[in-house]
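Participant: What follows is query_23.cif; its format and atoms are mmCIF, C-alpha atoms.
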```cif
data_target
#
loop_
_atom_site.label_atom_id
_atom_site.label_comp_id
_atom_site.auth_asym_id
_atom_site.auth_seq_id
_atom_site.Cartn_x
_atom_site.Cartn_y
_atom_site.Cartn_z
CA MET S 1 6.33 34.98 9.41
CA ASP S 2 8.20 31.71 8.71
CA LYS S 3 9.46 30.50 5.32
CA ASN S 4 6.31 28.59 4.39
CA GLU S 5 4.01 31.43 5.37
CA GLN S 6 6.14 33.80 3.28
CA ILE S 7 5.82 31.52 0.25
CA VAL S 8 2.02 31.52 0.51
CA ASN S 9 1.95 35.27 1.10
CA ASP S 10 4.08 35.90 -2.00
CA LEU S 11 2.23 33.37 -4.17
CA LEU S 12 -1.37 34.45 -3.68
CA PRO S 13 -1.25 37.75 -5.60
CA LEU S 14 0.83 36.10 -8.36
CA VAL S 15 -1.82 33.45 -9.04
CA GLY S 16 -4.52 36.11 -9.34
CA GLY S 17 -5.60 36.12 -5.71
CA LYS S 18 -7.57 33.53 -3.82
CA GLU S 19 -10.68 34.38 -5.86
CA ASN S 20 -8.93 33.07 -8.99
CA VAL S 21 -8.15 29.63 -7.50
CA THR S 22 -10.91 27.03 -7.82
CA SER S 23 -9.14 24.04 -6.26
CA ALA S 24 -5.75 23.04 -4.87
CA LEU S 25 -3.90 19.73 -4.61
CA HIS S 26 -0.35 18.73 -3.86
CA CYS S 27 1.92 15.77 -4.56
CA MET S 28 5.32 14.97 -3.06
CA THR S 29 6.97 18.19 -4.28
CA ARG S 30 4.44 20.32 -6.17
CA LEU S 31 1.53 22.59 -5.34
CA ARG S 32 -1.12 22.00 -8.02
CA LEU S 33 -3.72 24.72 -8.63
CA ASN S 34 -6.72 25.03 -10.93
CA VAL S 35 -7.48 28.66 -11.76
CA LYS S 36 -10.36 30.52 -13.40
CA ASP S 37 -8.25 32.84 -15.54
CA LYS S 38 -4.77 31.80 -16.68
CA ASP S 39 -4.00 35.33 -17.81
CA LEU S 40 -3.98 36.51 -14.20
CA VAL S 41 -1.17 34.08 -13.31
CA LYS S 42 2.33 35.60 -13.45
CA THR S 43 4.49 32.51 -13.99
CA GLU S 44 7.77 34.34 -14.48
CA GLU S 45 7.36 36.24 -11.22
CA ILE S 46 6.36 33.04 -9.38
CA LYS S 47 9.72 31.52 -10.39
CA LYS S 48 11.48 34.37 -8.57
CA VAL S 49 9.72 33.72 -5.23
CA ALA S 50 12.13 32.50 -2.56
CA GLY S 51 11.51 28.80 -1.92
CA ILE S 52 10.01 28.13 -5.37
CA ALA S 53 12.07 25.98 -7.76
CA GLY S 54 9.92 26.51 -10.84
CA THR S 55 6.39 26.58 -12.25
CA GLN S 56 4.47 25.65 -15.38
CA PHE S 57 1.01 24.91 -16.70
CA VAL S 58 0.37 21.22 -17.41
CA GLY S 59 -2.90 21.25 -19.31
CA ASP S 60 -5.18 23.52 -17.29
CA GLN S 61 -3.33 22.88 -14.02
CA LEU S 62 -0.74 25.28 -12.61
CA GLN S 63 2.08 23.29 -11.02
CA ILE S 64 4.42 25.09 -8.63
CA ILE S 65 7.56 23.20 -7.55
CA VAL S 66 7.99 23.79 -3.83
CA GLY S 67 9.96 20.76 -2.57
CA THR S 68 9.44 18.36 0.31
CA ASN S 69 7.94 21.10 2.47
CA VAL S 70 4.95 21.29 0.12
CA PRO S 71 2.50 19.70 2.64
CA LYS S 72 3.12 22.63 5.04
CA VAL S 73 2.78 25.18 2.25
CA TYR S 74 -0.40 23.44 1.06
CA ASP S 75 -2.00 23.49 4.52
CA LEU S 76 -1.28 27.21 4.85
CA PHE S 77 -2.54 27.85 1.31
CA ILE S 78 -5.80 26.01 2.06
CA LYS S 79 -6.21 27.95 5.30
CA GLU S 80 -5.63 31.26 3.55
CA THR S 81 -7.92 30.59 0.58
CA GLY S 82 -10.66 28.67 2.40
CA LEU S 83 -10.58 25.89 -0.21
CA THR S 84 -11.35 22.25 0.61
CA ALA S 85 -8.27 20.19 1.49
CA GLU S 86 -7.73 17.04 -0.56
CA ALA S 87 -5.40 14.04 -0.31
CA ALA S 88 -1.88 14.09 -1.70
CA VAL S 89 -1.75 12.80 -5.26
CA ASP S 90 0.74 10.80 -7.30
CA GLU S 91 3.49 12.91 -8.89
CA ASN S 92 3.08 11.03 -12.18
CA LEU S 93 -0.56 11.81 -12.94
CA ASP S 94 0.14 14.36 -15.70
CA GLY S 95 -1.64 13.26 -18.84
CA ALA S 96 -3.46 10.53 -16.91
CA GLU S 97 -6.40 10.84 -19.24
CA LYS S 98 -4.20 9.38 -22.00
CA LYS S 99 -3.10 6.39 -19.96
CA GLY S 100 -4.49 2.90 -20.28
CA VAL S 101 -6.53 0.90 -17.82
CA ILE S 102 -3.48 -0.61 -16.08
CA ASP S 103 -1.91 2.82 -15.57
CA ALA S 104 -5.21 4.16 -14.25
CA ILE S 105 -5.47 1.28 -11.77
CA PHE S 106 -1.95 1.80 -10.47
CA GLY S 107 -2.55 5.56 -10.36
CA TYR S 108 -5.58 4.92 -8.14
CA ILE S 109 -3.65 2.49 -5.92
CA SER S 110 -0.72 4.88 -5.62
CA GLY S 111 -2.95 7.84 -4.80
CA ALA S 112 -4.86 5.84 -2.18
CA LEU S 113 -1.70 4.55 -0.50
CA THR S 114 0.29 7.79 -0.44
CA PRO S 115 -1.59 9.34 2.53
CA VAL S 116 -1.12 6.09 4.49
CA LEU S 117 2.68 5.87 4.14
CA PRO S 118 3.42 7.66 7.46
CA ALA S 119 1.31 5.04 9.26
CA PHE S 120 3.17 2.22 7.44
CA ILE S 121 6.53 3.62 8.51
CA ALA S 122 5.54 4.28 12.13
CA ALA S 123 3.89 0.88 12.56
CA GLY S 124 6.84 -0.86 10.96
CA LEU S 125 9.34 0.86 13.24
CA PHE S 126 7.30 0.02 16.35
CA LYS S 127 7.31 -3.63 15.33
CA THR S 128 11.03 -3.52 14.45
CA ILE S 129 11.96 -2.48 17.98
CA ILE S 130 10.58 -5.74 19.40
CA PRO S 131 12.93 -8.30 17.77
CA ILE S 132 15.99 -6.05 18.04
CA PHE S 133 15.67 -4.78 21.61
CA GLY S 134 13.38 -7.49 22.96
CA PRO S 135 14.03 -11.08 24.05
CA ASP S 136 15.09 -12.29 20.59
CA LEU S 137 18.31 -10.24 20.38
CA LEU S 138 19.43 -7.65 22.96
CA GLY S 139 17.04 -8.74 25.69
CA LEU S 140 16.37 -5.25 27.07
CA PHE S 141 12.80 -6.29 27.88
CA THR S 142 10.91 -9.56 28.16
CA ALA S 143 7.85 -10.88 26.35
CA GLU S 144 5.88 -10.44 29.57
CA SER S 145 6.75 -6.75 30.00
CA ASP S 146 4.36 -3.86 29.41
CA ILE S 147 6.66 -2.30 26.81
CA TYR S 148 6.59 -5.53 24.78
CA THR S 149 2.78 -5.58 24.90
CA LEU S 150 2.57 -1.87 24.07
CA LEU S 151 4.90 -2.05 21.07
CA THR S 152 3.10 -5.13 19.80
CA PHE S 153 -0.40 -3.71 19.68
CA VAL S 154 0.70 -0.23 18.58
CA GLY S 155 2.67 -1.76 15.70
CA ASP S 156 -0.02 -4.28 14.80
CA ALA S 157 -2.70 -1.57 14.76
CA GLY S 158 -1.10 0.11 11.74
CA PHE S 159 -1.55 -3.05 9.68
CA TYR S 160 -4.57 -4.74 11.23
CA PHE S 161 -6.73 -1.68 10.50
CA LEU S 162 -5.42 -1.21 6.95
CA PRO S 163 -8.94 -1.36 5.43
CA ILE S 164 -9.86 1.71 7.48
CA LEU S 165 -6.67 3.64 6.72
CA ILE S 166 -6.70 2.81 3.03
CA GLY S 167 -10.44 3.47 2.90
CA VAL S 168 -9.66 7.05 3.89
CA GLY S 169 -6.91 7.41 1.28
CA ALA S 170 -9.04 5.85 -1.45
CA SER S 171 -12.00 8.11 -0.66
CA LEU S 172 -9.87 11.22 -0.83
CA LYS S 173 -8.27 10.05 -4.06
CA LEU S 174 -11.74 9.65 -5.60
CA LYS S 175 -12.83 13.06 -4.30
CA MET S 176 -15.35 11.63 -1.86
CA PRO S 177 -15.64 12.49 1.86
CA TRP S 178 -13.04 10.37 3.67
CA ILE S 179 -15.49 9.24 6.33
CA TYR S 180 -17.25 6.92 3.84
CA GLY S 181 -14.15 4.83 3.21
CA ALA S 182 -13.31 4.78 6.91
CA TYR S 183 -16.84 3.63 7.79
CA VAL S 184 -16.79 0.72 5.33
CA GLY S 185 -13.39 -0.31 6.69
CA CYS S 186 -14.86 -0.29 10.20
CA ILE S 187 -17.75 -2.50 9.05
CA MET S 188 -15.31 -5.04 7.58
CA LEU S 189 -13.33 -5.21 10.84
CA HIS S 190 -16.15 -5.02 13.39
CA PRO S 191 -15.66 -7.71 16.08
CA THR S 192 -19.23 -8.99 15.68
CA PHE S 193 -18.74 -9.53 11.95
CA VAL S 194 -15.28 -11.08 12.40
CA ALA S 195 -16.69 -13.51 14.99
CA LEU S 196 -19.18 -14.81 12.40
CA GLN S 197 -16.50 -16.62 10.39
CA GLY S 198 -17.56 -20.20 9.76
CA GLN S 199 -21.20 -19.45 10.61
CA SER S 200 -24.26 -19.01 8.43
CA PHE S 201 -24.99 -15.32 7.87
CA SER S 202 -26.86 -13.12 5.41
CA VAL S 203 -26.88 -9.43 4.55
CA PHE S 204 -30.41 -8.18 3.80
CA GLY S 205 -31.25 -11.79 2.93
CA ILE S 206 -28.23 -12.26 0.66
CA PRO S 207 -25.96 -15.17 1.74
CA CYS S 208 -22.60 -13.93 2.98
CA SER S 209 -19.34 -15.84 3.29
CA VAL S 210 -17.66 -14.05 6.20
CA GLN S 211 -13.94 -13.46 5.61
CA ALA S 212 -11.10 -11.93 7.61
CA TYR S 213 -10.18 -8.57 6.11
CA SER S 214 -7.53 -7.37 8.56
CA SER S 215 -4.31 -6.28 6.83
CA THR S 216 -5.88 -6.61 3.36
CA VAL S 217 -5.55 -3.94 0.68
CA ILE S 218 -7.28 -4.82 -2.58
CA PRO S 219 -10.82 -5.52 -1.24
CA ILE S 220 -11.22 -2.06 0.30
CA LEU S 221 -9.77 -0.39 -2.81
CA ALA S 222 -12.36 -2.13 -5.00
CA ILE S 223 -15.18 -1.43 -2.57
CA VAL S 224 -14.44 2.30 -2.27
CA TRP S 225 -14.12 2.58 -6.05
CA ILE S 226 -17.63 1.16 -6.52
CA MET S 227 -18.97 3.21 -3.61
CA SER S 228 -17.69 6.43 -5.19
CA TYR S 229 -20.10 5.97 -8.10
CA ILE S 230 -23.01 5.39 -5.72
CA TYR S 231 -22.10 8.44 -3.65
CA LYS S 232 -21.61 10.76 -6.61
CA PHE S 233 -24.86 9.60 -8.23
CA LEU S 234 -26.82 10.37 -5.07
CA ALA S 235 -24.96 13.61 -4.28
CA LYS S 236 -25.99 15.07 -7.65
CA ARG S 237 -29.66 14.10 -7.39
CA VAL S 238 -30.71 14.33 -3.75
CA PRO S 239 -32.03 17.79 -2.73
CA ASP S 240 -29.67 19.81 -0.54
CA THR S 241 -32.08 19.74 2.39
CA LEU S 242 -31.95 15.91 2.45
CA GLN S 243 -28.27 15.40 1.57
CA LEU S 244 -27.00 14.85 5.11
CA ILE S 245 -29.59 12.15 5.87
CA VAL S 246 -30.22 10.41 2.55
CA VAL S 247 -26.78 10.32 0.87
CA PRO S 248 -24.71 8.63 3.63
CA PHE S 249 -27.48 6.22 4.65
CA VAL S 250 -28.38 5.07 1.14
CA THR S 251 -24.74 4.94 0.02
CA LEU S 252 -23.74 2.68 2.92
CA ALA S 253 -26.93 0.62 2.70
CA LEU S 254 -26.17 -0.15 -0.95
CA ILE S 255 -22.43 -0.75 -0.61
CA THR S 256 -22.68 -3.03 2.43
CA PRO S 257 -24.09 -6.11 0.64
CA ILE S 258 -21.82 -5.47 -2.35
CA ALA S 259 -18.80 -5.31 -0.04
CA LEU S 260 -19.61 -8.20 2.28
CA CYS S 261 -21.32 -10.59 -0.14
CA LEU S 262 -19.52 -9.95 -3.43
CA ILE S 263 -16.26 -7.96 -3.51
CA GLY S 264 -14.83 -9.14 -0.21
CA PRO S 265 -15.44 -12.88 -0.60
CA ALA S 266 -14.38 -12.84 -4.27
CA GLY S 267 -10.72 -12.66 -3.32
CA SER S 268 -11.06 -15.57 -0.93
CA PHE S 269 -12.95 -17.73 -3.44
CA LEU S 270 -10.46 -16.97 -6.20
CA GLY S 271 -7.59 -17.53 -3.81
CA ASN S 272 -8.95 -20.95 -2.86
CA TYR S 273 -9.08 -22.04 -6.50
CA ILE S 274 -5.65 -20.61 -7.34
CA GLY S 275 -4.14 -22.07 -4.18
CA ALA S 276 -5.70 -25.48 -4.72
CA ALA S 277 -4.42 -25.57 -8.29
CA ILE S 278 -0.87 -24.67 -7.27
CA ILE S 279 -0.90 -27.11 -4.34
CA GLY S 280 -2.06 -29.81 -6.74
CA LEU S 281 0.84 -29.03 -9.06
CA SER S 282 3.35 -29.34 -6.22
CA ASP S 283 3.05 -33.13 -6.20
CA LYS S 284 3.51 -33.46 -9.96
CA VAL S 285 5.93 -30.69 -10.98
CA GLY S 286 7.40 -29.49 -7.69
CA PRO S 287 9.95 -26.95 -9.04
CA ILE S 288 7.35 -25.31 -11.30
CA ALA S 289 4.85 -25.04 -8.43
CA THR S 290 7.51 -23.48 -6.17
CA ALA S 291 8.35 -21.01 -8.94
CA ILE S 292 4.67 -20.07 -9.20
CA VAL S 293 4.51 -19.46 -5.45
CA GLY S 294 7.65 -17.32 -5.68
CA GLY S 295 6.26 -15.30 -8.54
CA LEU S 296 2.71 -14.82 -7.28
CA PHE S 297 3.10 -14.66 -3.51
CA LEU S 298 3.27 -10.87 -3.18
CA PRO S 299 0.24 -10.22 -5.43
CA LEU S 300 -1.66 -12.91 -3.49
CA VAL S 301 -0.76 -11.19 -0.20
CA PHE S 302 -2.05 -7.86 -1.52
CA THR S 303 -5.38 -9.44 -2.36
CA GLY S 304 -5.59 -11.63 0.75
CA MET S 305 -5.59 -14.81 -1.36
CA HIS S 306 -2.48 -16.33 0.25
CA VAL S 307 -4.29 -17.70 3.32
CA ILE S 308 -5.00 -21.12 1.78
CA PHE S 309 -1.26 -21.78 1.49
CA TYR S 310 -0.76 -21.22 5.21
CA VAL S 311 -3.74 -23.47 5.97
CA ASN S 312 -2.14 -26.19 3.85
CA LEU S 313 1.28 -25.60 5.45
CA PHE S 314 0.02 -25.83 9.03
CA THR S 315 -1.88 -29.00 8.14
CA THR S 316 0.84 -30.90 6.29
CA PHE S 317 4.00 -29.77 8.09
CA PRO S 318 3.25 -31.48 11.44
CA LEU S 319 2.49 -34.71 9.56
CA ILE S 320 5.64 -34.96 7.41
CA GLY S 321 7.99 -32.70 9.37
CA TYR S 322 9.25 -30.56 6.47
CA ASP S 323 8.14 -28.37 3.56
CA LYS S 324 9.72 -28.32 0.08
CA PHE S 325 6.98 -26.30 -1.58
CA PHE S 326 5.48 -23.26 0.12
CA LEU S 327 8.16 -21.81 2.41
CA PRO S 328 10.92 -22.12 -0.24
CA GLY S 329 8.69 -20.15 -2.62
CA VAL S 330 7.92 -17.58 0.05
CA VAL S 331 11.57 -16.99 0.93
CA ALA S 332 12.35 -16.57 -2.78
CA SER S 333 9.57 -13.98 -3.10
CA SER S 334 10.42 -12.25 0.16
CA TRP S 335 14.08 -11.70 -0.62
CA THR S 336 13.31 -9.92 -3.85
CA ILE S 337 12.89 -6.94 -1.51
CA ALA S 338 16.67 -6.83 -1.05
CA GLY S 339 17.27 -6.74 -4.81
CA ILE S 340 14.55 -4.15 -5.39
CA TRP S 341 16.05 -1.99 -2.65
CA LEU S 342 19.45 -2.10 -4.35
CA GLY S 343 17.80 -1.34 -7.67
CA CYS S 344 15.96 1.62 -6.17
CA LEU S 345 19.21 3.04 -4.85
CA VAL S 346 20.54 2.96 -8.41
CA ARG S 347 17.41 4.23 -10.16
CA TYR S 348 16.00 6.75 -7.68
CA LYS S 349 17.18 10.30 -8.16
CA LYS S 350 15.47 11.89 -5.17
CA LYS S 351 17.16 11.55 -1.80
CA GLU S 352 13.87 11.29 0.06
CA ASN S 353 12.85 8.27 -2.03
CA LYS S 354 16.19 6.56 -1.40
CA ALA S 355 15.79 7.29 2.31
CA TYR S 356 12.28 5.78 2.35
CA ALA S 357 13.46 2.67 0.50
CA THR S 358 16.37 2.19 2.91
CA ALA S 359 14.32 2.77 6.05
CA THR S 360 11.62 0.32 4.99
CA PHE S 361 14.22 -2.23 3.84
CA ILE S 362 15.84 -2.17 7.29
CA THR S 363 12.39 -2.48 8.86
CA TRP S 364 11.85 -5.63 6.79
CA LEU S 365 15.34 -7.09 7.25
CA LEU S 366 15.77 -6.56 11.01
CA GLY S 367 12.18 -6.21 12.13
CA GLY S 368 10.58 -8.76 9.85
CA VAL S 369 7.94 -6.20 8.82
CA GLY S 370 7.63 -6.03 5.04
CA GLU S 371 4.39 -4.06 4.66
CA PRO S 372 5.94 -0.55 4.53
CA PHE S 373 8.22 -1.63 1.68
CA MET S 374 5.62 -3.73 -0.13
CA PHE S 375 2.82 -1.16 0.03
CA GLY S 376 4.99 1.95 -0.23
CA ILE S 377 7.19 0.82 -3.12
CA VAL S 378 6.16 -2.49 -4.70
CA LEU S 379 2.38 -2.16 -4.90
CA LYS S 380 2.48 1.50 -5.92
CA ASN S 381 4.71 0.82 -8.93
CA LYS S 382 3.70 -1.67 -11.62
CA LYS S 383 7.26 -1.98 -12.91
CA VAL S 384 8.59 -2.88 -9.46
CA LEU S 385 5.73 -5.33 -8.92
CA LEU S 386 6.61 -6.98 -12.23
CA ALA S 387 10.29 -7.10 -11.24
CA SER S 388 9.36 -8.77 -7.95
CA CYS S 389 7.20 -11.39 -9.69
CA ILE S 390 9.90 -12.21 -12.25
CA ALA S 391 12.63 -12.46 -9.62
CA GLY S 392 10.44 -14.39 -7.18
CA ALA S 393 9.63 -16.94 -9.87
CA ALA S 394 13.33 -17.28 -10.75
CA GLY S 395 14.28 -17.76 -7.11
CA GLY S 396 11.41 -20.20 -6.58
CA LEU S 397 12.50 -22.24 -9.56
CA VAL S 398 16.05 -22.50 -8.19
CA ALA S 399 14.64 -23.46 -4.78
CA GLY S 400 12.58 -26.21 -6.37
CA LEU S 401 15.38 -27.52 -8.58
CA THR S 402 17.91 -27.59 -5.73
CA GLY S 403 15.45 -29.20 -3.30
CA LEU S 404 15.49 -26.40 -0.74
CA THR S 405 13.67 -27.71 2.33
CA ALA S 406 12.20 -25.99 5.39
CA HIS S 407 12.81 -28.11 8.49
CA VAL S 408 11.39 -25.59 10.98
CA LEU S 409 7.82 -24.24 10.88
CA ALA S 410 8.79 -20.57 10.94
CA ALA S 411 6.62 -18.22 8.90
CA SER S 412 8.64 -15.13 9.83
CA ASN S 413 9.87 -12.43 7.48
CA GLY S 414 13.17 -10.67 6.86
CA ILE S 415 16.28 -12.30 8.21
CA TYR S 416 14.19 -14.32 10.65
CA GLY S 417 12.54 -16.20 7.78
CA LEU S 418 15.83 -17.99 7.18
CA LEU S 419 15.38 -19.87 10.48
CA ALA S 420 12.90 -22.14 8.69
CA PHE S 421 15.77 -23.70 6.75
CA LEU S 422 17.99 -24.66 9.67
CA GLY S 423 18.73 -28.38 9.74
CA GLY S 424 19.08 -31.02 7.06
CA SER S 425 22.23 -31.69 5.08
CA THR S 426 24.92 -29.19 4.16
CA TRP S 427 23.44 -29.06 0.68
CA ASN S 428 20.31 -27.39 2.10
CA TYR S 429 22.39 -24.34 3.03
CA VAL S 430 23.91 -24.29 -0.46
CA ALA S 431 20.40 -24.47 -1.93
CA LEU S 432 19.31 -21.59 0.35
CA ALA S 433 22.27 -19.47 -0.73
CA LEU S 434 21.61 -20.14 -4.42
CA THR S 435 17.92 -19.28 -3.97
CA LEU S 436 18.68 -15.98 -2.21
CA LEU S 437 21.34 -14.97 -4.71
CA THR S 438 18.98 -15.68 -7.60
CA SER S 439 16.08 -13.73 -6.06
CA ILE S 440 18.22 -10.75 -5.07
CA GLY S 441 20.21 -10.67 -8.31
CA ALA S 442 17.19 -11.08 -10.56
CA ALA S 443 15.21 -8.44 -8.62
CA PHE S 444 18.10 -5.97 -8.83
CA ALA S 445 18.57 -6.53 -12.56
CA ALA S 446 14.83 -6.33 -13.32
CA THR S 447 14.39 -3.16 -11.24
CA VAL S 448 17.32 -1.43 -12.94
CA LEU S 449 16.21 -2.52 -16.43
CA LEU S 450 12.49 -1.82 -16.02
CA GLY S 451 12.97 1.38 -14.01
CA VAL S 452 11.09 2.91 -11.09
CA GLU S 453 8.54 5.68 -11.27
CA GLU S 454 9.33 8.28 -8.61
CA ASP S 455 6.88 10.27 -6.50
#
```
With the file now loaded, output its structure as structure tokens.

Facilitator:
Amino acid sequence: MDKNEQIVNDLLPLVGGKENVTSALHCMTRLRLNVKDKDLVKTEEIKKVAGIAGTQFVGDQLQIIVGTNVPKVYDLFIKETGLTAEAAVDENLDGAEKKGVIDAIFGYISGALTPVLPAFIAAGLFKTIIPIFGPDLLGLFTAESDIYTLLTFVGDAGFYFLPILIGVGASLKLKMPWIYGAYVGCIMLHPTFVALQGQSFSVFGIPCSVQAYSSTVIPILAIVWIMSYIYKFLAKRVPDTLQLIVVPFVTLALITPIALCLIGPAGSFLGNYIGAAIIGLSDKVGPIATAIVGGLFLPLVFTGMHVIFYVNLFTTFPLIGYDKFFLPGVVASSWTIAGIWLGCLVRYKKKENKAYATATFITWLLGGVGEPFMFGIVLKNKKVLLASCIAGAAGGLVAGLTGLTAHVLAASNGIYGLLAFLGGSTWNYVALALTLLTSIGAAFAATVLLGVEED
């Protein structure tokens, strides 16, 4: 019997036996149990179990501090008790019923993203290998080699299919079978649907504006949230003998037009209006428009609304040969990651959180892959997201005021994004340095001052 098995073996009688446990969850460090009879739980004896750091009741939930090996303990506990396994939850959900709407939204986002973090990390590392060991730097393999092709599609898969992965996490977070979220994600990414972009199409007679949903986050989160109400309504009312046929079919039949005709396109429509307004401002108040891009770019990426800026960039850049608006704002927003990382090192208390921040920062810096950091740290934490927006706006304002100019059409990330600013006068490099220092410094200060909620 290994350590984790021993923990489960010792715990079960102390929580009143498996018959006393109605459900079990876990977060990053704690096993969370709901029990029928609290009087059967021997909390003082649980604290003495080897491998347990402490225990307490929070409301009606028994929380047992296990440590980072809690997923293994949880799997064994589920196996032993026969309970239904559920997704990992956010560590900071205690008293969630007292939190406001914003906290509830970020709690949902955090809970939906937590199960996907291993995929973010793996995909990011696969993509990081390419620029470091490939033709761009060490040259250990060429762009025509099989290993280059393999690493490219394996790394891209982790982000291209985000609607499917996050659909699973969101479903589990909302206590709905994970297959529903995965299925909707598959619908959004089906090649036939994707190929319909720019064509006339309807869903059950409802006009549909076909969008590209690969690598998007917010649309699937909103869709699964709405779908959970449909599913739960049907699951309570459909007779057991018809559940397997009626519930999944009707749920998906109802959510499909909502997803493809309403929720999905909403981000694109809104993004077009926001983007057009900011682009219009760039000609009149350039520095302010660049500051807005710097402050809003990350939230726009999360919602998929940033596409219009790239369309504008790829249209105007070949005509005038430079960009003083979009790419300067993007580099200001992007480099807030460096300041947030430094702030996390100061504010985080848990070693595993510092390790995650550092690993994903390196993935962004050297590999040009920012998704693991953005989704795993920035989007999950409203304070960090606010810090990024503040710092990005400050950096964008400096970029606009100093006239930072991109002379190369390079929409890369991390250290490779700086290639866009090669060329021009010496002052352009001074402007770049001032922009980066402002973004990094402001992000560090804001992160330290606002704080970071830890998992």

Participant: In Å, with one decimal, what is the gap from atom CA of Lys127 of chain S to atom CA of Ile187 of chain S?

Facilitator: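 Distance reported for this atom pair: 25.9 Å.
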
Participant: Measuring between all atoms listed in the file, which one of S:Ile320, S:Leu397, S:Cys186, S:Val203 shows the shortest distance to Ile288 of chain S?

Facilitator: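 Nearest to Ile288 of chain S: S:Leu397.
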
Participant: Rounded to one decimal, what separation in Å do you get between atom CA of Leu76 of chain S and atom CA of Thr43 of chain S?

Facilitator: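 Atom CA of Thr43 of chain S lies 20.4 Å from atom CA of Leu76 of chain S.
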
Participant: Which distance in Å separates atom CA of Ile130 of chain S and atom CA of Tyr148 of chain S, to one decimal?

Facilitator: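 Spanning atom CA of Ile130 of chain S to atom CA of Tyr148 of chain S is a straight-line distance of 6.7 Å.
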
Participant: Between S:Ile292, S:Ile109, S:Val448, S:Leu165, single out the one closest to Ile279 of chain S, counting all atoms listed in the file.

Facilitator: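 Between S:Ile292, S:Ile109, S:Val448, S:Leu165, the residue approaching Ile279 of chain S most closely is S:Ile292.
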
Participant: Could you write out as an NGL selection string the residues that the PyMOL selection byres ((chain S and resi 30) around 7) matches in the shown file?

Facilitator: :S and (26-29 or 31-32 or 63-67 or 70)

Participant: Choose the residue, out of S:Ser388, S:Ser171, S:Thr55, S:Thr358, that has the smallest atom-to-atom separation from Gly111 of chain S; count all atoms listed in the file.

Facilitator: S:Ser171

Participant: Just checking: using all atoms listed in the file, which residue out of S:Val398, S:Leu437, S:Ala393, S:Val116 ends up closest to Ala338 of chain S?

Facilitator: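 Ranking S:Val398, S:Leu437, S:Ala393, S:Val116 by distance to Ala338 of chain S, first place goes to S:Leu437.
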
Participant: Go through the shown structure with the PyMOL selection byres ((chain S and resi 170) around 9) and write out the matching residues as an MDAnalysis selection string.

Facilitator: chainID S and resid 108:109 111:113 165:169 171:176 178 181 220:221 224:225

Participant: From the set S:Trp335, S:Tyr416, S:Phe269, S:Phe201, which residue has the shortest atom-to-atom contact distance to Pro131 of chain S, counting only C-alpha atoms?

Facilitator: S:Tyr416

Participant: Could you state which residues are captured by the PyMOL selection byres ((chain S and resi 254-263) around 6) in this file, as a PyMOL selection string?

Facilitator: chain S and resi 203+208+223+251-253+264-266

Participant: Identify which of the residues S:Asn9, S:Gly139, S:Pro177, S:Ala50 lies closest to Glu86 of chain S, counting all atoms listed in the file when measuring atom-to-atom distances.

Facilitator: S:Pro177

Participant: I'd like the neighbourhood of Asn34 of chain S as a list in words, where a residue qualifies if any of its atoms comes within 10 Å (using all atoms listed in the file), though same-chain residues fewer than 2 positions away should be ignored.

Facilitator: Val15, Asn20, Val21, Thr22, Ser23, Ala24, Leu25, Arg32, Lys36, Asp37, Lys38, Phe57, Gly59, Asp60, Gln61, Leu62 and Gln63 of chain S
